[in-house]
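Novice: Below you'll find run_27.cif; it's mmCIF, C-alpha atoms and all ligand atoms.
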data_entry
loop_
_atom_site.label_atom_id
_atom_site.label_comp_id
_atom_site.auth_asym_id
_atom_site.auth_seq_id
_atom_site.Cartn_x
_atom_site.Cartn_y
_atom_site.Cartn_z
CA MET S 288 0.00 0.00 0.00
CA ASN S 289 2.68 2.45 0.92
CA ASP S 290 6.14 2.36 -0.55
CA LEU S 291 7.61 3.99 2.54
CA SER S 292 6.38 1.37 5.00
CA MET S 293 9.32 -0.08 6.86
CA ALA S 294 10.20 -3.72 6.54
CA SER S 295 8.34 -5.95 8.96
CA ASN S 296 9.87 -6.81 12.30
CA THR S 297 11.89 -9.90 12.84
CA GLU S 298 9.77 -11.23 15.70
CA THR S 299 6.17 -10.84 14.69
CA LYS S 300 2.93 -12.56 15.66
CA ALA S 301 0.66 -14.09 13.06
CA PHE S 302 -2.34 -11.95 12.19
CA ASP S 303 -5.37 -13.39 13.95
CA VAL S 304 -8.15 -10.84 14.33
CA GLU S 305 -10.04 -12.75 17.04
CA SER S 306 -6.98 -12.96 19.26
CA ILE S 307 -6.17 -9.30 18.48
CA ARG S 308 -9.65 -8.30 19.61
CA ARG S 309 -9.05 -9.96 22.97
CA ASP S 310 -6.21 -7.48 23.47
CA PHE S 311 -8.74 -4.61 23.41
CA PRO S 312 -11.08 -5.06 26.42
CA ILE S 313 -13.38 -2.18 25.43
CA LEU S 314 -14.44 -3.99 22.26
CA ALA S 315 -16.09 -6.84 24.16
CA GLN S 316 -19.06 -4.82 25.39
CA GLN S 317 -22.65 -4.28 24.37
CA ILE S 318 -23.89 -0.83 23.36
CA ASN S 319 -27.66 -0.33 23.31
CA GLY S 320 -28.07 -4.07 23.73
CA LYS S 321 -25.91 -4.91 20.71
CA PRO S 322 -22.25 -5.93 20.45
CA LEU S 323 -20.15 -2.80 19.96
CA VAL S 324 -18.98 -2.23 16.39
CA TYR S 325 -16.38 0.50 16.74
CA LEU S 326 -15.85 2.28 13.43
CA ASP S 327 -14.70 5.67 14.72
CA ASN S 328 -11.00 4.90 14.78
CA GLY S 329 -10.10 7.99 12.77
CA ALA S 330 -11.30 10.13 15.67
CA SER S 331 -9.55 8.03 18.31
CA ALA S 332 -8.50 4.39 18.39
CA GLN S 333 -8.96 1.94 21.27
CA LYS S 334 -6.10 0.82 23.55
CA PRO S 335 -4.67 -2.67 23.93
CA VAL S 336 -4.26 -4.10 27.40
CA SER S 337 -0.46 -3.78 27.09
CA VAL S 338 -0.85 0.02 26.95
CA LEU S 339 -3.20 0.04 29.94
CA ASP S 340 -0.81 -2.22 31.86
CA ALA S 341 2.27 -0.17 31.00
CA MET S 342 0.66 3.00 32.32
CA ASP S 343 -0.69 1.25 35.40
CA ARG S 344 2.73 -0.25 36.14
CA TYR S 345 4.41 3.10 35.62
CA TYR S 346 2.17 4.73 38.25
CA ARG S 347 2.42 1.79 40.64
CA GLU S 348 6.17 1.26 40.43
CA MET S 349 8.09 4.20 39.04
CA HIS S 350 6.24 7.49 39.08
CA SER S 351 8.17 10.58 39.99
CA ASN S 352 9.08 13.72 38.10
CA VAL S 353 11.68 13.27 35.36
CA HIS S 354 15.14 14.75 34.87
CA ARG S 355 15.54 15.68 38.55
CA GLY S 356 17.93 12.85 39.27
CA ALA S 357 18.03 13.01 43.09
CA HIS S 358 16.53 9.59 43.81
CA THR S 359 15.82 6.13 42.43
CA LEU S 360 12.21 6.70 41.41
CA GLY S 361 13.23 9.83 39.54
CA ASP S 362 15.83 7.77 37.69
CA ARG S 363 13.28 5.05 36.87
CA ALA S 364 10.73 7.57 35.59
CA THR S 365 13.39 9.32 33.52
CA ALA S 366 14.60 6.03 32.05
CA ALA S 367 11.04 5.03 31.09
CA PHE S 368 10.29 8.47 29.66
CA GLU S 369 13.50 8.76 27.63
CA GLY S 370 13.19 5.10 26.60
CA ALA S 371 9.79 5.99 25.15
CA ARG S 372 11.41 8.79 23.14
CA GLU S 373 13.84 6.25 21.69
CA THR S 374 10.92 3.93 20.80
CA VAL S 375 9.28 6.79 18.88
CA ARG S 376 12.55 7.70 17.18
CA SER S 377 12.98 4.17 15.97
CA PHE S 378 9.32 3.91 14.83
CA ILE S 379 9.69 6.85 12.43
CA ASN S 380 13.38 6.21 11.73
CA ALA S 381 14.47 9.66 12.87
CA PRO S 382 18.23 10.13 13.07
CA SER S 383 18.27 11.30 16.70
CA THR S 384 16.12 11.52 19.85
CA ARG S 385 17.09 15.22 19.93
CA GLU S 386 14.63 15.57 17.05
CA ILE S 387 11.68 13.98 18.89
CA ILE S 388 9.66 16.62 20.73
CA TRP S 389 6.77 15.59 22.97
CA THR S 390 3.64 17.63 22.44
CA ARG S 391 0.00 17.23 23.48
CA GLY S 392 -0.85 15.95 20.02
CA THR S 393 -0.77 16.80 16.33
CA THR S 394 -2.54 20.10 16.93
CA GLU S 395 0.06 21.35 19.39
CA ALA S 396 2.89 20.00 17.22
CA ILE S 397 1.71 22.03 14.22
CA ASN S 398 1.16 25.12 16.36
CA LEU S 399 4.71 24.71 17.65
CA VAL S 400 6.18 24.54 14.13
CA ALA S 401 4.02 27.40 12.83
CA ASN S 402 5.16 29.65 15.69
CA GLY S 403 8.75 28.50 15.35
CA LEU S 404 8.85 29.27 11.63
CA ALA S 405 7.04 32.63 11.99
CA PRO S 406 10.28 34.64 12.28
CA ARG S 407 11.22 33.40 8.79
CA LEU S 408 8.01 34.72 7.22
CA LYS S 409 7.36 38.18 5.82
CA GLU S 410 4.73 40.07 3.84
CA GLY S 411 3.91 38.30 0.57
CA ASP S 412 5.39 34.91 1.52
CA GLU S 413 3.15 31.92 0.86
CA ILE S 414 2.32 28.85 2.93
CA LEU S 415 0.97 26.06 0.77
CA VAL S 416 -1.59 23.77 2.42
CA SER S 417 -4.23 21.62 0.72
CA HIS S 418 -7.99 21.78 0.51
CA MET S 419 -8.22 18.46 2.36
CA GLU S 420 -6.43 19.58 5.54
CA HIS S 421 -7.81 19.15 9.04
CA HIS S 422 -8.32 22.52 10.74
CA ALA S 423 -5.22 21.69 12.81
CA ASN S 424 -3.15 22.16 9.66
CA ILE S 425 -4.95 25.30 8.49
CA VAL S 426 -5.72 27.53 11.45
CA PRO S 427 -2.23 27.69 13.04
CA TRP S 428 -0.89 28.82 9.64
CA GLN S 429 -3.65 31.40 9.29
CA MET S 430 -2.78 32.78 12.72
CA VAL S 431 0.90 33.03 11.81
CA ALA S 432 0.04 34.51 8.42
CA GLU S 433 -2.00 37.20 10.14
CA ARG S 434 0.98 38.15 12.29
CA THR S 435 3.57 38.14 9.53
CA GLY S 436 1.72 39.27 6.39
CA ALA S 437 2.22 35.86 4.76
CA LYS S 438 -0.63 34.15 2.91
CA VAL S 439 -2.12 30.66 3.23
CA VAL S 440 -2.73 29.18 -0.23
CA PRO S 441 -4.75 25.95 -0.66
CA VAL S 442 -3.84 23.33 -3.27
CA GLN S 443 -6.99 22.03 -4.98
CA VAL S 444 -8.43 18.54 -4.65
CA THR S 445 -9.93 16.55 -7.54
CA PRO S 446 -13.59 15.44 -7.37
CA GLU S 447 -12.32 11.92 -6.56
CA GLY S 448 -10.52 13.32 -3.53
CA GLU S 449 -6.95 13.17 -4.75
CA LEU S 450 -4.56 16.06 -4.49
CA ASP S 451 -4.62 18.00 -7.77
CA LEU S 452 -0.98 17.76 -8.82
CA ASP S 453 -1.37 20.41 -11.53
CA SER S 454 -2.73 22.82 -8.95
CA PHE S 455 0.25 21.95 -6.73
CA SER S 456 2.79 22.64 -9.49
CA ASN S 457 1.03 25.87 -10.49
CA LEU S 458 0.86 27.20 -6.95
CA MET S 459 4.44 26.36 -6.00
CA ASN S 460 6.41 29.49 -6.84
CA ASP S 461 9.27 31.65 -5.61
CA ARG S 462 7.09 33.15 -2.86
CA THR S 463 6.34 29.69 -1.38
CA ARG S 464 8.18 29.21 1.91
CA ILE S 465 6.37 26.31 3.58
CA LEU S 466 4.44 23.27 2.37
CA ALA S 467 2.17 21.95 5.15
CA ILE S 468 0.26 18.90 4.02
CA THR S 469 -1.45 15.84 5.38
CA HIS S 470 0.00 12.40 4.77
CA ALA S 471 -3.51 10.88 4.84
CA SER S 472 -6.87 12.66 4.85
CA ASN S 473 -9.15 12.10 7.84
CA VAL S 474 -12.23 12.58 5.63
CA LEU S 475 -11.31 11.07 2.27
CA GLY S 476 -8.76 8.51 3.39
CA THR S 477 -6.52 9.67 0.54
CA ILE S 478 -2.83 8.94 1.03
CA ASN S 479 -0.98 11.85 -0.53
CA PRO S 480 2.22 11.26 -2.51
CA VAL S 481 4.15 13.21 0.10
CA ALA S 482 7.59 11.88 -0.89
CA ASP S 483 7.16 13.39 -4.39
CA LEU S 484 5.73 16.63 -3.03
CA ILE S 485 8.60 16.97 -0.56
CA ARG S 486 11.13 16.35 -3.34
CA GLN S 487 9.61 19.13 -5.44
CA ALA S 488 9.43 21.47 -2.45
CA LYS S 489 13.09 20.80 -1.58
CA GLN S 490 14.16 21.73 -5.09
CA GLN S 491 12.75 25.20 -4.43
CA GLY S 492 14.06 25.53 -0.88
CA VAL S 493 10.54 25.19 0.59
CA LEU S 494 10.25 23.78 4.13
CA THR S 495 7.95 20.79 4.55
CA VAL S 496 5.59 19.98 7.42
CA ILE S 497 3.70 16.68 7.25
CA ASP S 498 0.56 16.01 9.29
CA GLY S 499 0.85 12.30 10.00
CA ALA S 500 -2.16 12.01 12.35
CA GLN S 501 -4.08 9.63 10.08
CA ALA S 502 -1.04 7.88 8.64
CA VAL S 503 0.72 6.44 11.70
CA PRO S 504 -2.20 4.20 12.80
CA HIS S 505 -1.94 2.44 9.43
CA PHE S 506 1.69 2.47 8.32
CA LYS S 507 5.13 3.45 9.55
CA PRO S 508 6.45 6.66 8.11
CA ASP S 509 10.20 6.83 7.55
CA VAL S 510 11.12 10.48 8.02
CA GLN S 511 14.57 10.00 6.51
CA ALA S 512 13.20 8.33 3.38
CA LEU S 513 10.50 11.00 3.13
CA ASP S 514 13.15 13.69 3.71
CA CYS S 515 10.57 15.97 5.37
CA ASP S 516 11.59 18.79 7.71
CA PHE S 517 8.78 18.19 10.23
CA TYR S 518 6.36 15.31 10.90
CA ALA S 519 3.53 15.54 13.46
CA PHE S 520 1.25 12.87 14.95
CA SER S 521 -0.97 12.00 17.93
CA SER S 522 -0.69 9.00 20.22
CA HIS S 523 -4.41 8.47 20.73
CA LYS S 524 -5.07 7.68 17.07
CA MET S 525 -2.37 4.99 17.07
CA PHE S 526 -3.69 2.97 20.02
CA GLY S 527 -1.82 4.99 22.66
CA PRO S 528 -3.22 7.29 25.35
CA THR S 529 -4.66 10.76 24.85
CA GLY S 530 -2.72 13.85 25.91
CA ILE S 531 0.51 13.16 24.09
CA GLY S 532 1.82 13.47 20.55
CA VAL S 533 5.05 13.94 18.71
CA LEU S 534 6.77 16.49 16.59
CA TYR S 535 9.74 15.26 14.62
CA GLY S 536 11.87 18.15 13.38
CA ARG S 537 15.20 18.35 11.62
CA ALA S 538 17.75 19.29 14.29
CA GLU S 539 19.28 22.24 12.44
CA LEU S 540 15.83 23.82 12.02
CA LEU S 541 14.79 23.14 15.61
CA GLU S 542 18.04 24.75 16.77
CA GLN S 543 17.15 27.92 14.90
CA MET S 544 13.54 28.08 16.13
CA PRO S 545 12.61 30.07 19.24
CA PRO S 546 11.05 28.10 22.12
CA TYR S 547 7.30 27.66 22.00
CA GLN S 548 6.54 28.06 25.70
CA GLY S 549 8.62 29.28 28.62
CA GLY S 550 9.01 27.72 32.06
CA GLY S 551 10.83 24.89 33.78
CA GLU S 552 12.81 22.26 31.84
CA MET S 553 13.26 24.36 28.71
CA ILE S 554 15.96 26.61 30.14
CA GLU S 555 19.69 26.24 30.62
CA ARG S 556 20.09 29.20 32.99
CA VAL S 557 17.67 31.84 34.21
CA SER S 558 18.51 35.26 35.55
CA PHE S 559 16.72 38.58 35.41
CA GLU S 560 19.42 39.82 33.06
CA ARG S 561 19.46 36.94 30.61
CA THR S 562 17.86 33.51 30.23
CA THR S 563 19.30 30.83 27.95
CA TRP S 564 17.59 27.81 26.46
CA ASN S 565 18.13 24.13 27.16
CA GLU S 566 19.46 21.83 24.43
CA LEU S 567 17.19 19.84 22.11
CA PRO S 568 14.66 18.40 22.60
CA TYR S 569 14.06 19.98 26.02
CA LYS S 570 14.06 23.54 24.66
CA PHE S 571 10.54 22.80 23.39
CA GLU S 572 9.27 20.92 26.45
CA ALA S 573 8.38 23.50 29.10
CA GLY S 574 6.91 22.17 32.33
CA THR S 575 6.36 18.66 33.65
CA PRO S 576 5.70 16.44 30.65
CA ALA S 577 3.07 13.72 30.12
CA ILE S 578 5.28 10.93 31.50
CA ALA S 579 2.80 8.06 31.89
CA GLU S 580 1.40 8.93 28.46
CA ALA S 581 4.85 8.70 26.88
CA VAL S 582 5.22 5.26 28.46
CA GLY S 583 1.77 4.32 27.11
CA LEU S 584 2.62 5.52 23.61
CA ALA S 585 5.82 3.46 23.63
CA ALA S 586 3.77 0.42 24.66
CA ALA S 587 1.37 1.09 21.76
CA ILE S 588 4.30 1.23 19.34
CA ASP S 589 5.74 -1.99 20.82
CA TYR S 590 2.32 -3.56 20.32
CA LEU S 591 2.16 -2.44 16.69
CA ASN S 592 5.72 -3.64 16.17
CA SER S 593 4.76 -7.09 17.42
CA PHE S 594 2.82 -7.69 14.18
CA ASP S 595 3.90 -8.02 10.63
CA HIS S 596 2.93 -4.57 9.37
CA THR S 597 2.30 -5.88 5.86
CA ALA S 598 -0.32 -8.28 7.25
CA LEU S 599 -1.98 -5.47 9.23
CA GLU S 600 -2.13 -3.24 6.18
CA ALA S 601 -3.51 -6.08 4.05
CA ALA S 602 -6.24 -6.80 6.63
CA GLU S 603 -7.23 -3.14 6.75
CA GLN S 604 -7.31 -2.90 2.96
CA ALA S 605 -9.56 -5.99 2.85
CA LEU S 606 -11.98 -4.19 5.20
CA LEU S 607 -11.92 -1.10 2.98
CA THR S 608 -12.48 -3.09 -0.21
CA ARG S 609 -15.40 -5.02 1.28
CA ALA S 610 -16.95 -1.87 2.76
CA ASN S 611 -16.74 -0.14 -0.63
CA GLN S 612 -18.32 -3.13 -2.39
CA LEU S 613 -21.23 -3.29 0.04
CA LEU S 614 -21.87 0.40 0.65
CA GLU S 615 -21.94 1.16 -3.07
CA THR S 616 -25.07 -1.00 -3.34
CA VAL S 617 -27.06 1.01 -0.76
CA PRO S 618 -29.66 3.06 -2.70
CA GLY S 619 -28.85 6.80 -2.69
CA MET S 620 -25.28 6.17 -1.51
CA ASP S 621 -22.60 8.69 -2.42
CA ILE S 622 -19.09 7.79 -1.29
CA ILE S 623 -16.95 10.90 -0.96
CA GLY S 624 -13.30 10.18 -1.66
CA THR S 625 -12.47 7.40 -4.07
CA ALA S 626 -8.71 7.89 -4.40
CA LYS S 627 -6.68 4.89 -5.52
CA ASN S 628 -4.42 4.95 -2.48
CA LYS S 629 -6.40 5.17 0.75
CA VAL S 630 -6.22 4.41 4.45
CA PRO S 631 -9.37 2.53 5.56
CA VAL S 632 -11.71 5.50 5.88
CA ILE S 633 -15.03 5.89 4.05
CA SER S 634 -17.00 9.14 4.08
CA PHE S 635 -20.46 9.02 2.63
CA LYS S 636 -23.85 10.58 2.36
CA ILE S 637 -27.17 8.95 1.56
CA ALA S 638 -29.81 10.85 -0.39
CA GLY S 639 -32.66 12.00 1.83
CA LEU S 640 -30.84 11.29 5.09
CA HIS S 641 -29.00 13.70 7.36
CA PRO S 642 -25.57 12.39 8.42
CA SER S 643 -26.31 12.95 12.10
CA ASP S 644 -29.49 10.83 11.81
CA ILE S 645 -27.42 8.07 10.23
CA GLY S 646 -25.02 8.28 13.18
CA THR S 647 -27.76 8.18 15.81
CA LEU S 648 -29.62 5.31 14.18
CA LEU S 649 -26.44 3.26 13.75
CA ASP S 650 -25.58 3.89 17.40
CA GLN S 651 -28.91 2.32 18.35
CA GLN S 652 -27.60 -0.80 16.60
CA GLY S 653 -24.33 -0.64 18.54
CA ILE S 654 -22.39 0.78 15.59
CA ALA S 655 -20.15 3.80 16.29
CA ILE S 656 -19.30 6.03 13.34
CA ARG S 657 -18.63 9.76 13.16
CA THR S 658 -20.75 12.42 11.51
CA GLY S 659 -20.26 16.12 10.86
CA HIS S 660 -17.62 18.29 9.23
CA HIS S 661 -14.70 16.29 10.68
CA CYS S 662 -12.77 19.53 11.35
CA ALA S 663 -12.42 19.96 7.58
CA MET S 664 -14.90 22.71 6.71
CA PRO S 665 -13.08 23.87 3.55
CA LEU S 666 -13.32 20.31 2.22
CA MET S 667 -17.04 20.16 3.09
CA ASP S 668 -17.49 23.43 1.17
CA PHE S 669 -15.63 21.93 -1.79
CA TYR S 670 -18.08 19.02 -1.89
CA GLY S 671 -21.03 21.31 -1.15
CA VAL S 672 -22.12 19.37 1.95
CA PRO S 673 -22.49 20.48 5.57
CA GLY S 674 -21.08 17.17 6.74
CA THR S 675 -20.71 13.49 6.00
CA ALA S 676 -21.01 10.18 7.80
CA ARG S 677 -17.62 8.49 8.21
CA ALA S 678 -16.69 4.92 9.02
CA SER S 679 -13.01 4.51 9.84
CA PHE S 680 -11.47 1.10 10.41
CA ALA S 681 -8.62 -0.34 12.42
CA PHE S 682 -6.92 -3.72 12.13
CA TYR S 683 -9.09 -5.07 14.98
CA ASN S 684 -12.26 -4.62 12.93
CA THR S 685 -13.73 -7.64 11.17
CA LEU S 686 -15.45 -8.33 7.87
CA GLU S 687 -18.48 -9.30 9.92
CA GLU S 688 -18.54 -5.77 11.36
CA VAL S 689 -18.41 -4.36 7.83
CA GLU S 690 -21.49 -6.47 7.04
CA LYS S 691 -23.21 -5.10 10.15
CA LEU S 692 -22.54 -1.55 8.99
CA PHE S 693 -24.02 -2.45 5.62
CA THR S 694 -27.18 -4.08 7.00
CA GLY S 695 -27.52 -1.21 9.49
CA LEU S 696 -27.45 1.31 6.67
CA GLN S 697 -29.89 -0.73 4.59
CA LYS S 698 -32.32 -0.76 7.52
CA ILE S 699 -32.06 3.02 7.97
CA GLN S 700 -32.41 3.62 4.27
CA ARG S 701 -35.58 1.49 4.09
CA LEU S 702 -37.06 3.26 7.11
CA PHE S 703 -36.62 6.76 5.77
CA THR S 704 -36.93 6.68 2.01
C1 LIG B 801 -5.45 14.69 9.73
C2 LIG B 801 -5.55 15.20 11.14
N1 LIG B 801 -4.73 16.15 11.55
C3 LIG B 801 -4.75 16.62 12.80
C4 LIG B 801 -5.64 16.15 13.73
C5 LIG B 801 -5.64 16.70 15.11
O1 LIG B 801 -5.22 15.73 16.01
P1 LIG B 801 -5.30 15.99 17.58
O2 LIG B 801 -6.72 16.41 17.86
O3 LIG B 801 -4.95 14.67 18.18
O4 LIG B 801 -4.32 17.06 17.90
C6 LIG B 801 -6.54 15.16 13.34
C7 LIG B 801 -7.56 14.65 14.29
O5 LIG B 801 -8.60 14.18 13.90
C8 LIG B 801 -6.49 14.66 12.02
O6 LIG B 801 -7.32 13.70 11.61
#
Hey, can you dump this file as structure tokens for me?
Ligand SMILES: Cc1ncc(COP(=O)(O)O)c(C=O)c1O

Specialist:
Amino acid sequence: MNDLSMASNTETKAFDVESIRRDFPILAQQINGKPLVYLDNGASAQKPVSVLDAMDRYYREMHSNVHRGAHTLGDRATAAFEGARETVRSFINAPSTREIIWTRGTTEAINLVANGLAPRLKEGDEILVSHMEHHANIVPWQMVAERTGAKVVPVQVTPEGELDLDSFSNLMNDRTRILAITHASNVLGTINPVADLIRQAKQQGVLTVIDGAQAVPHFKPDVQALDCDFYAFSSHKMFGPTGIGVLYGRAELLEQMPPYQGGGEMIERVSFERTTWNELPYKFEAGTPAIAEAVGLAAAIDYLNSFDHTALEAAEQALLTRANQLLETVPGMDIIGTAKNKVPVISFKIAGLHPSDIGTLLDQQGIAIRTGHHCAMPLMDFYGVPGTARASFAFYNTLEEVEKLFTGLQKIQRLFT
């Protein structure tokens, strides 16, 4: 599916969806008297027991503040926390842990980069985004543009939901300073050809920021192979806890950027005359960090690494293919986003039905999907809809659940049309 997926691990478990499901206790419950069918993974994915256990064990056995070094618990917490940073580094194949900055999530990571790059921007400069971005990769740039006189310029999307490469080439010019683009769309599922886009941007000296929020739950990005300057993602969408995310940044750029927030940890020396900044990555990590969450994220990555990634991707693609086949046959169905290369996300509308009614009626059948604008209002405007219904799959979903979504939609469609 993705040419930048890393080779599978040496010690991997066979792919067995029933045994995988037993790793996710939340999935084994009834909702509204029906077995839960969780198809809202794009919003937030569920957590395996190994993540829950790692966080529980951290609090039971090693919690203390990090980097204070005066006692054994502090050393244990620091080792777990910095070990988690190394796990993340290895997952995205970053050259150094100095380039792995903990944030609260993708949103904070992009805000950090946008603020850090602001001093480089001036009146008339252009920041290229795309029409399919999540608000998290639009609004921070608009705020920085407002301050600096730069302009946010959207690359068009084709009706099928692919990035319009002609629009990209036409808009890239000598005023372009930053390309900020999503690796995979949360609405359309489209996987953008980011390696090619980055290559073209590099040729013109344009900095590249990749929103990996919807990519990392499905495949491993290799930041060195991509050759991007920044890569942002959230733990909670990749089976880790909420409250933590990652910004990868090229060290020489991070060195040049001003800190994002001030406070403890991020300083080298403070005096009323002059304060100096800590080294990377701590310069960008003011205050006590999300320690247990870092440990949880590392456990989620270890969990993902315990499978053959190719098998996981194949299972997810089988879910997507089957869902497409079945949903297409529902009368009045309009699937929004039919790109060739997709993560397992299907947005749709059904003639005569409001997306939020579809969501509520599916919930009554135990099926969780998402409805609304998905924090992508410009994309909704492009398609001329106020919102869509969206089913987003993870490797723990089954073909049987896809069938349940289909029969659920058929039922609703018969009731209302
Ligand atoms: C593509 C994309 N980017 C950014 C975000 C924001 O992520 P978070 O809310 O975890 O910061 C999301 C969340 O849905 C997303 O799908």

Novice: Residues of stretch 300-403 of chain S that approach stretch 529-548 of chain S to 10 Å or less, counting only C-alpha atoms: could you list each one with the shortest pair of atoms and its distance in Å to one decimal, rows by chain and increasing residue number, as CSV?

Specialist:
residue,atom,partner,partner_atom,distance
S:Ser331,CA,S:Thr529,CA,8.6
S:Ala332,CA,S:Thr529,CA,9.9
S:Arg372,CA,S:Val533,CA,9.3
S:Val375,CA,S:Val533,CA,8.3
S:Arg376,CA,S:Tyr535,CA,8.5
S:Ile379,CA,S:Tyr535,CA,8.7
S:Ala381,CA,S:Tyr535,CA,7.5
S:Pro382,CA,S:Arg537,CA,8.9
S:Ser383,CA,S:Ala538,CA,8.4
S:Thr384,CA,S:Tyr535,CA,9.1
S:Arg385,CA,S:Ala538,CA,7.0
S:Glu386,CA,S:Gly536,CA,5.3
S:Ile387,CA,S:Tyr535,CA,4.9
S:Ile388,CA,S:Leu534,CA,5.1
S:Trp389,CA,S:Val533,CA,4.9
S:Thr390,CA,S:Gly532,CA,4.9
S:Arg391,CA,S:Ile531,CA,4.1
S:Gly392,CA,S:Gly532,CA,3.7
S:Thr393,CA,S:Gly532,CA,6.0
S:Thr394,CA,S:Gly532,CA,8.7
S:Glu395,CA,S:Gly532,CA,8.2
S:Ala396,CA,S:Leu534,CA,5.3
S:Ile397,CA,S:Leu534,CA,7.9
S:Asn398,CA,S:Tyr547,CA,8.7
S:Leu399,CA,S:Tyr547,CA,5.9
S:Val400,CA,S:Met544,CA,8.4
S:Ala401,CA,S:Tyr547,CA,9.7
S:Asn402,CA,S:Tyr547,CA,7.0
S:Gly403,CA,S:Met544,CA,4.9

Novice: Let me make sure I understand: among S:Val632, S:Ala577, S:Val672, S:Val336, which one has the smallest atom-to-atom distance to ligand LIG 801 (chain B) if we use all atoms listed in the file?

Specialist: S:Val632

Novice: Hey, which residues come within 8 Å of ligand LIG 801 (chain B) if we count all atoms listed in the file? Could you give them as an MDAnalysis selection string?

Specialist: chainID S and resid 329:331 391:396 420:424 469:474 498:501 520:524 529 532 661:662

Novice: Grab the residues selected above and save them as a compact mmCIF listing (two decimals), keeping the file's coordinate frame with C-alpha atoms.

Specialist:
# COMPACT_ATOMS: atom_id res chain seq x y z
CA GLY S 329 -10.10 7.99 12.77
CA ALA S 330 -11.30 10.13 15.67
CA SER S 331 -9.55 8.03 18.31
CA ARG S 391 0.00 17.23 23.48
CA GLY S 392 -0.85 15.95 20.02
CA THR S 393 -0.77 16.80 16.33
CA THR S 394 -2.54 20.10 16.93
CA GLU S 395 0.06 21.35 19.39
CA ALA S 396 2.89 20.00 17.22
CA GLU S 420 -6.43 19.58 5.54
CA HIS S 421 -7.81 19.15 9.04
CA HIS S 422 -8.32 22.52 10.74
CA ALA S 423 -5.22 21.69 12.81
CA ASN S 424 -3.15 22.16 9.66
CA THR S 469 -1.45 15.84 5.38
CA HIS S 470 0.00 12.40 4.77
CA ALA S 471 -3.51 10.88 4.84
CA SER S 472 -6.87 12.66 4.85
CA ASN S 473 -9.15 12.10 7.84
CA VAL S 474 -12.23 12.58 5.63
CA ASP S 498 0.56 16.01 9.29
CA GLY S 499 0.85 12.30 10.00
CA ALA S 500 -2.16 12.01 12.35
CA GLN S 501 -4.08 9.63 10.08
CA PHE S 520 1.25 12.87 14.95
CA SER S 521 -0.97 12.00 17.93
CA SER S 522 -0.69 9.00 20.22
CA HIS S 523 -4.41 8.47 20.73
CA LYS S 524 -5.07 7.68 17.07
CA THR S 529 -4.66 10.76 24.85
CA GLY S 532 1.82 13.47 20.55
CA HIS S 661 -14.70 16.29 10.68
CA CYS S 662 -12.77 19.53 11.35

Novice: For S:Asn611, which of S:Phe302, S:Leu692, S:Ala573, S:Tyr590 is the closest residue, counting all atoms listed in the file?

Specialist: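 Going through S:Phe302, S:Leu692, S:Ala573, S:Tyr590 one by one, the smallest distance to S:Asn611 is for S:Leu692.
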
Novice: Can you tell me which residues surround stretch 583-586 of chain S at a distance of at most 6 Å, considering all atoms listed in the file, apart from same-chain residues fewer than 4 positions away, and format the answer as a list in words?

Specialist: Val338, Ala341, Met342, Ala371, Thr374, Ser522 and Gly527 of chain S

Novice: List as an MDAnalysis selection string the protein and nucleic acid residues near S:Ala482, meaning an atom at most 8 Å away when all atoms listed in the file are counted, but skip any in the same chain fewer than 2 places from it.

Specialist: chainID S and resid 480 484:486 512:514

Novice: Between atom CA of S:Lys507 and atom CA of S:Leu591, what distance in Å does the model show, to one decimal?

Specialist: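 These two atoms are separated by 9.7 Å.
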
Novice: For atom CA of S:Asp509 and atom CA of S:Phe378, determine how far apart the two atoms are, in Å to one decimal place.

Specialist: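 Calculated distance between atom CA of S:Asp509 and atom CA of S:Phe378 is 7.9 Å.
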
Novice: What gap, in Å, lies between atom CA of S:Pro528 and atom CA of S:Pro335?

Specialist: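 We find that atom CA of S:Pro528 and atom CA of S:Pro335 lie 10.2 Å from each other.
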
Novice: List as a ChimeraX atom specification the protein and nucleic acid residues near stretch 681-690 of chain S, meaning an atom at most 7 Å away when only C-alpha atoms are counted, but skip any in the same chain fewer than 4 places from it.

Specialist: /S:304,307-308,324,328,599,602-603,606,610,694

Novice: Nearest to S:Pro618 among S:Ala663, S:Leu696, S:Ala605, S:Leu360, with distances taken over all atoms listed in the file: which residue is it?

Specialist: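 Residue with the minimum atom-to-atom distance to S:Pro618: S:Leu696.
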
Novice: Nearest to S:Ala467: which of S:Glu433, S:Leu415, S:Asp650, S:Glu447 is it, counting only C-alpha atoms?

Specialist: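 Looking at the shortest contact to S:Ala467, the residue is S:Leu415.
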
Novice: Reconstruct stretch 499-503 of chain S at the level of N, CA and C atoms, and format the result as an mmCIF file, in the coordinates of the input.

Specialist:
data_model
loop_
_atom_site.group_PDB
_atom_site.id
_atom_site.type_symbol
_atom_site.label_atom_id
_atom_site.label_comp_id
_atom_site.auth_asym_id
_atom_site.auth_seq_id
_atom_site.Cartn_x
_atom_site.Cartn_y
_atom_site.Cartn_z
ATOM 1 N N GLY S 499 0.911 13.766 10.086
ATOM 2 C CA GLY S 499 0.850 12.300 10.000
ATOM 3 C C GLY S 499 -0.232 11.682 10.874
ATOM 4 N N ALA S 500 -1.163 12.507 11.375
ATOM 5 C CA ALA S 500 -2.160 12.010 12.350
ATOM 6 C C ALA S 500 -2.902 10.768 11.863
ATOM 7 N N GLN S 501 -3.282 10.763 10.583
ATOM 8 C CA GLN S 501 -4.080 9.630 10.080
ATOM 9 C C GLN S 501 -3.209 8.584 9.375
ATOM 10 N N ALA S 502 -1.927 8.840 9.301
ATOM 11 C CA ALA S 502 -1.040 7.880 8.640
ATOM 12 C C ALA S 502 -0.505 6.848 9.632
ATOM 13 N N VAL S 503 0.012 7.335 10.773
ATOM 14 C CA VAL S 503 0.720 6.440 11.700
ATOM 15 C C VAL S 503 -0.121 5.274 12.257
#
